[in-house]
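**Student:** input.cif is reproduced in full below (mmCIF, C-alpha atoms).
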```cif
data_structure
loop_
_atom_site.label_atom_id
_atom_site.label_comp_id
_atom_site.auth_asym_id
_atom_site.auth_seq_id
_atom_site.Cartn_x
_atom_site.Cartn_y
_atom_site.Cartn_z
CA MET M 1 12.43 23.07 -10.43
CA ASP M 2 14.38 19.98 -11.33
CA ALA M 3 15.50 18.34 -14.58
CA THR M 4 12.13 16.59 -15.03
CA ASP M 5 10.21 19.88 -14.75
CA ARG M 6 12.58 21.46 -17.26
CA LYS M 7 12.04 18.52 -19.62
CA LEU M 8 8.27 18.92 -19.34
CA LEU M 9 8.50 22.66 -20.02
CA ASN M 10 10.69 22.10 -23.07
CA LEU M 11 8.31 19.47 -24.43
CA LEU M 12 5.30 21.73 -23.91
CA GLN M 13 7.01 24.64 -25.65
CA LYS M 14 7.52 22.45 -28.71
CA ASN M 15 3.92 21.19 -28.67
CA ALA M 16 1.49 22.22 -25.94
CA ARG M 17 -0.99 19.61 -27.22
CA THR M 18 1.29 16.70 -26.40
CA SER M 19 -0.76 14.11 -24.53
CA LEU M 20 -0.09 13.44 -20.87
CA LYS M 21 0.90 9.90 -21.77
CA ASP M 22 3.49 11.12 -24.30
CA LEU M 23 4.81 13.77 -21.90
CA ALA M 24 5.29 11.08 -19.25
CA GLN M 25 7.04 8.72 -21.66
CA GLN M 26 9.40 11.38 -22.97
CA ALA M 27 10.23 12.60 -19.45
CA PHE M 28 10.68 9.01 -18.20
CA ILE M 29 8.02 9.32 -15.47
CA SER M 30 4.58 7.82 -14.86
CA ALA M 31 1.44 9.52 -16.18
CA PRO M 32 0.16 10.33 -12.64
CA THR M 33 3.52 11.91 -11.78
CA ALA M 34 3.45 13.90 -15.02
CA ALA M 35 -0.08 15.08 -14.19
CA THR M 36 0.97 16.21 -10.71
CA ARG M 37 4.04 18.02 -12.01
CA LEU M 38 2.10 19.62 -14.86
CA ASN M 39 -0.58 20.83 -12.44
CA HIS M 40 2.12 22.40 -10.24
CA LEU M 41 3.76 24.06 -13.26
CA GLU M 42 0.38 25.42 -14.40
CA GLN M 43 -0.20 26.94 -10.96
CA THR M 44 3.26 28.46 -10.60
CA LEU M 45 4.89 29.04 -13.99
CA LEU M 46 2.69 28.43 -17.02
CA HIS M 47 0.33 31.22 -17.98
CA GLY M 48 -1.89 29.28 -20.33
CA TYR M 49 -1.70 27.54 -23.66
CA GLN M 50 -1.97 29.41 -26.93
CA ALA M 51 -2.19 28.44 -30.58
CA GLN M 52 0.36 30.01 -32.90
CA VAL M 53 -1.70 31.47 -35.73
CA ASP M 54 -0.27 32.11 -39.19
CA TYR M 55 -1.53 35.68 -39.51
CA LYS M 56 -0.29 36.01 -43.08
CA THR M 57 -2.69 33.27 -44.14
CA LEU M 58 -5.48 35.37 -42.62
CA GLY M 59 -4.35 38.37 -44.67
CA TYR M 60 -2.33 40.21 -42.02
CA VAL M 61 0.77 40.58 -44.17
CA ILE M 62 2.25 43.64 -42.47
CA LYS M 63 4.10 43.03 -39.20
CA ALA M 64 5.77 46.04 -37.63
CA TYR M 65 7.37 47.28 -34.44
CA VAL M 66 6.16 50.70 -33.39
CA SER M 67 8.04 52.66 -30.73
CA LEU M 68 6.31 55.43 -28.79
CA ASP M 69 7.72 58.23 -26.66
CA LEU M 70 4.90 58.34 -24.09
CA GLN M 71 4.53 60.95 -21.38
CA PRO M 72 3.81 59.34 -17.99
CA THR M 73 0.65 61.41 -17.53
CA GLN M 74 -0.83 59.80 -20.64
CA LYS M 75 -0.35 56.21 -19.53
CA PRO M 76 -3.98 55.56 -18.43
CA GLN M 77 -5.44 56.77 -21.74
CA PHE M 78 -2.72 54.96 -23.73
CA TYR M 79 -3.26 51.69 -21.86
CA ARG M 80 -7.00 51.84 -22.63
CA PHE M 81 -6.25 52.57 -26.31
CA VAL M 82 -3.62 49.86 -26.78
CA ASN M 83 -5.64 47.22 -24.90
CA SER M 84 -8.64 47.90 -27.11
CA THR M 85 -6.63 47.57 -30.35
CA ALA M 86 -6.73 43.92 -31.42
CA ASN M 87 -3.88 44.37 -33.92
CA VAL M 88 -1.42 45.04 -31.09
CA LEU M 89 0.07 41.61 -30.34
CA GLU M 90 2.51 42.84 -27.69
CA CYS M 91 3.26 46.09 -25.91
CA ASP M 92 6.26 46.51 -23.63
CA CYS M 93 7.50 49.40 -21.51
CA ILE M 94 11.19 49.83 -22.38
CA THR M 95 14.26 51.89 -21.61
CA GLY M 96 15.98 54.19 -24.06
CA GLN M 97 14.82 56.89 -26.41
CA TYR M 98 11.24 55.55 -26.47
CA SER M 99 9.16 54.34 -23.55
CA MET M 100 6.92 51.80 -25.30
CA ILE M 101 7.38 49.30 -28.11
CA MET M 102 4.53 47.44 -29.77
CA LYS M 103 4.46 44.46 -32.10
CA VAL M 104 1.51 44.95 -34.46
CA ILE M 105 -0.02 43.23 -37.49
CA TYR M 106 -2.14 44.78 -40.24
CA ARG M 107 -3.58 43.82 -43.60
CA SER M 108 -2.10 46.86 -45.34
CA THR M 109 0.25 49.77 -44.86
CA GLU M 110 -2.80 52.04 -45.00
CA GLU M 111 -4.27 50.33 -41.92
CA LEU M 112 -0.90 50.58 -40.17
CA ASP M 113 -0.70 54.27 -41.08
CA ASP M 114 -4.17 54.84 -39.60
CA PHE M 115 -3.10 53.14 -36.36
CA ILE M 116 0.06 55.27 -36.18
CA ASN M 117 -1.95 58.43 -36.79
CA HIS M 118 -4.17 57.56 -33.80
CA LEU M 119 -1.15 56.59 -31.74
CA GLN M 120 0.56 59.93 -32.29
CA GLN M 121 -1.94 61.61 -29.97
CA PHE M 122 0.19 60.06 -27.21
CA GLY M 123 3.61 61.12 -28.49
CA ARG M 124 6.35 60.74 -31.08
CA THR M 125 6.56 57.39 -32.87
CA THR M 126 8.96 55.45 -35.04
CA THR M 127 8.04 52.35 -37.03
CA GLN M 128 10.01 49.42 -38.42
CA ILE M 129 8.20 47.12 -40.84
CA VAL M 130 9.37 43.50 -40.82
CA PHE M 131 10.61 42.12 -44.16
CA SER M 132 11.19 38.53 -43.04
CA ASN M 133 11.32 36.37 -39.94
CA VAL M 134 14.64 34.68 -39.21
CA VAL M 135 13.67 33.08 -35.88
CA ALA M 136 10.00 32.45 -35.15
CA ASP M 137 8.55 32.51 -31.65
CA ARG M 138 10.02 29.26 -30.42
CA GLY M 139 10.20 29.53 -26.67
CA MET M 140 13.46 29.12 -24.83
CA GLN M 141 15.19 25.87 -24.06
CA ILE M 142 15.10 25.57 -20.26
CA GLU M 143 18.42 24.30 -18.93
CA ASP M 144 20.21 24.02 -15.60
#
```
Produce structure tokens that represent the structure in this file.

**Tutor:**
Amino acid sequence: MDATDRKLLNLLQKNARTSLKDLAQQAFISAPTAATRLNHLEQTLLHGYQAQVDYKTLGYVIKAYVSLDLQPTQKPQFYRFVNSTANVLECDCITGQYSMIMKVIYRSTEELDDFINHLQQFGRTTTQIVFSNVVADRGMQIED
């Protein structure tokens, strides 16, 4: 990956709908070169393009992080459960006191409580509800 690829990645993180022509102009390359580089990045590094939805506008006003102390023997059942729960935006296996952490969104604390009640079949949980967002999902500036 060279400086031009990094420039393209940074531009796409700001706006994935930037036209090929604009990407080429801003990276100081031709449109065919931008297309070739973009195709290579899509095959090797980019995992798709996704719209950033304002969930609060849709009524999902509760964002929380739920940690779970999961026993290894329960992983298959837990994975099925968490993958079938649309409100789980992310789920990561982590180190420390808990083995899983999930980023979830719900319309109400009652819905969140219902989710946690179902989740507790897999182990002990702890929940942190988000009051405000200081840094939104912004990607990471790719540098040398």

**Student:** Considering all atoms listed in the file, state which residue in the set M:Gln77, M:His40, M:Val134, M:Asp92 is at the smallest distance from M:Gln121.

**Tutor:**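 Checking each candidate against M:Gln121, we get M:Gln77 as the closest.
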
**Student:** Nearest to M:Arg37: which of M:Thr4, M:Ser19, M:Tyr60, M:Gln52 is it, counting only C-alpha atoms?

**Tutor:**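 Comparing M:Thr4, M:Ser19, M:Tyr60, M:Gln52 against M:Arg37, the winner is M:Thr4.
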
**Student:** Considering all atoms listed in the file, can you say which of M:Phe28, M:Phe131, M:Tyr98, M:Phe122 comes closest to M:Arg80?

**Tutor:**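 Once distances to M:Arg80 are computed over all atoms listed in the file, the minimum belongs to M:Phe122.
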
**Student:** Which residues come within 9 Å of M:Lys21, counting only C-alpha atoms, excluding same-chain residues fewer than 4 positions away, as an MDAnalysis selection string?

**Tutor:** chainID M and resid 25:26 30:31 34

**Student:** For M:Thr73, which residue among M:Gly123, M:Gln13, M:Asp54, M:Ala136 is the nearest when counting only C-alpha atoms?

**Tutor:**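 Ranked by minimum distance to M:Thr73, first place goes to M:Gly123.
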
**Student:** So how far away is atom CA of M:Leu12 from atom CA of M:Ala27, in Å?

**Tutor:**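 Between atom CA of M:Ala27 and atom CA of M:Leu12 the gap works out to 11.3 Å.
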
**Student:** Choose the residue, out of M:Leu8, M:Ala16, M:Ala64, M:Val135, that has the smallest atom-to-atom separation from M:Ala51; count all atoms listed in the file.

**Tutor:**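 Smallest distance to M:Ala51 is found for M:Ala16.
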
**Student:** Which is closest to M:Ser84 among M:Phe115, M:Pro32, M:Leu46, M:Leu70, if we use only C-alpha atoms?

**Tutor:** M:Phe115

**Student:** Got a sec: who's within 10 Å of M:Leu9, counting all atoms listed in the file, leaving out chain neighbours fewer than 3 positions off, as a PyMOL selection string?

**Tutor:** chain M and resi 3-6+12-16+23+38+41+45-46+139-142

**Student:** Got a sec to resolve the PyMOL selection byres ((chain M and resi 86) around 12) on this structure and send the residues as a short mmCIF file (atom, residue, chain, number, x, y, z; two decimals) with C-alpha atoms, keeping the file's coordinate frame?

**Tutor:**
```
data_model
loop_
_atom_site.label_atom_id
_atom_site.label_comp_id
_atom_site.auth_asym_id
_atom_site.auth_seq_id
_atom_site.Cartn_x
_atom_site.Cartn_y
_atom_site.Cartn_z
CA ARG M 80 -7.00 51.84 -22.63
CA PHE M 81 -6.25 52.57 -26.31
CA VAL M 82 -3.62 49.86 -26.78
CA ASN M 83 -5.64 47.22 -24.90
CA SER M 84 -8.64 47.90 -27.11
CA THR M 85 -6.63 47.57 -30.35
CA ASN M 87 -3.88 44.37 -33.92
CA VAL M 88 -1.42 45.04 -31.09
CA LEU M 89 0.07 41.61 -30.34
CA GLU M 90 2.51 42.84 -27.69
CA CYS M 91 3.26 46.09 -25.91
CA MET M 102 4.53 47.44 -29.77
CA LYS M 103 4.46 44.46 -32.10
CA VAL M 104 1.51 44.95 -34.46
CA ILE M 105 -0.02 43.23 -37.49
CA TYR M 106 -2.14 44.78 -40.24
CA PHE M 115 -3.10 53.14 -36.36
#
```

**Student:** Expressed in Å to a single decimal, how great is the separation between atom CA of M:Thr33 and atom CA of M:Leu11?

**Tutor:**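 The value is 15.5 Å.
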
**Student:** Do you have the atom CA of M:Lys7-atom CA of M:Asp22 distance handy?

**Tutor:**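 The value is 12.2 Å.
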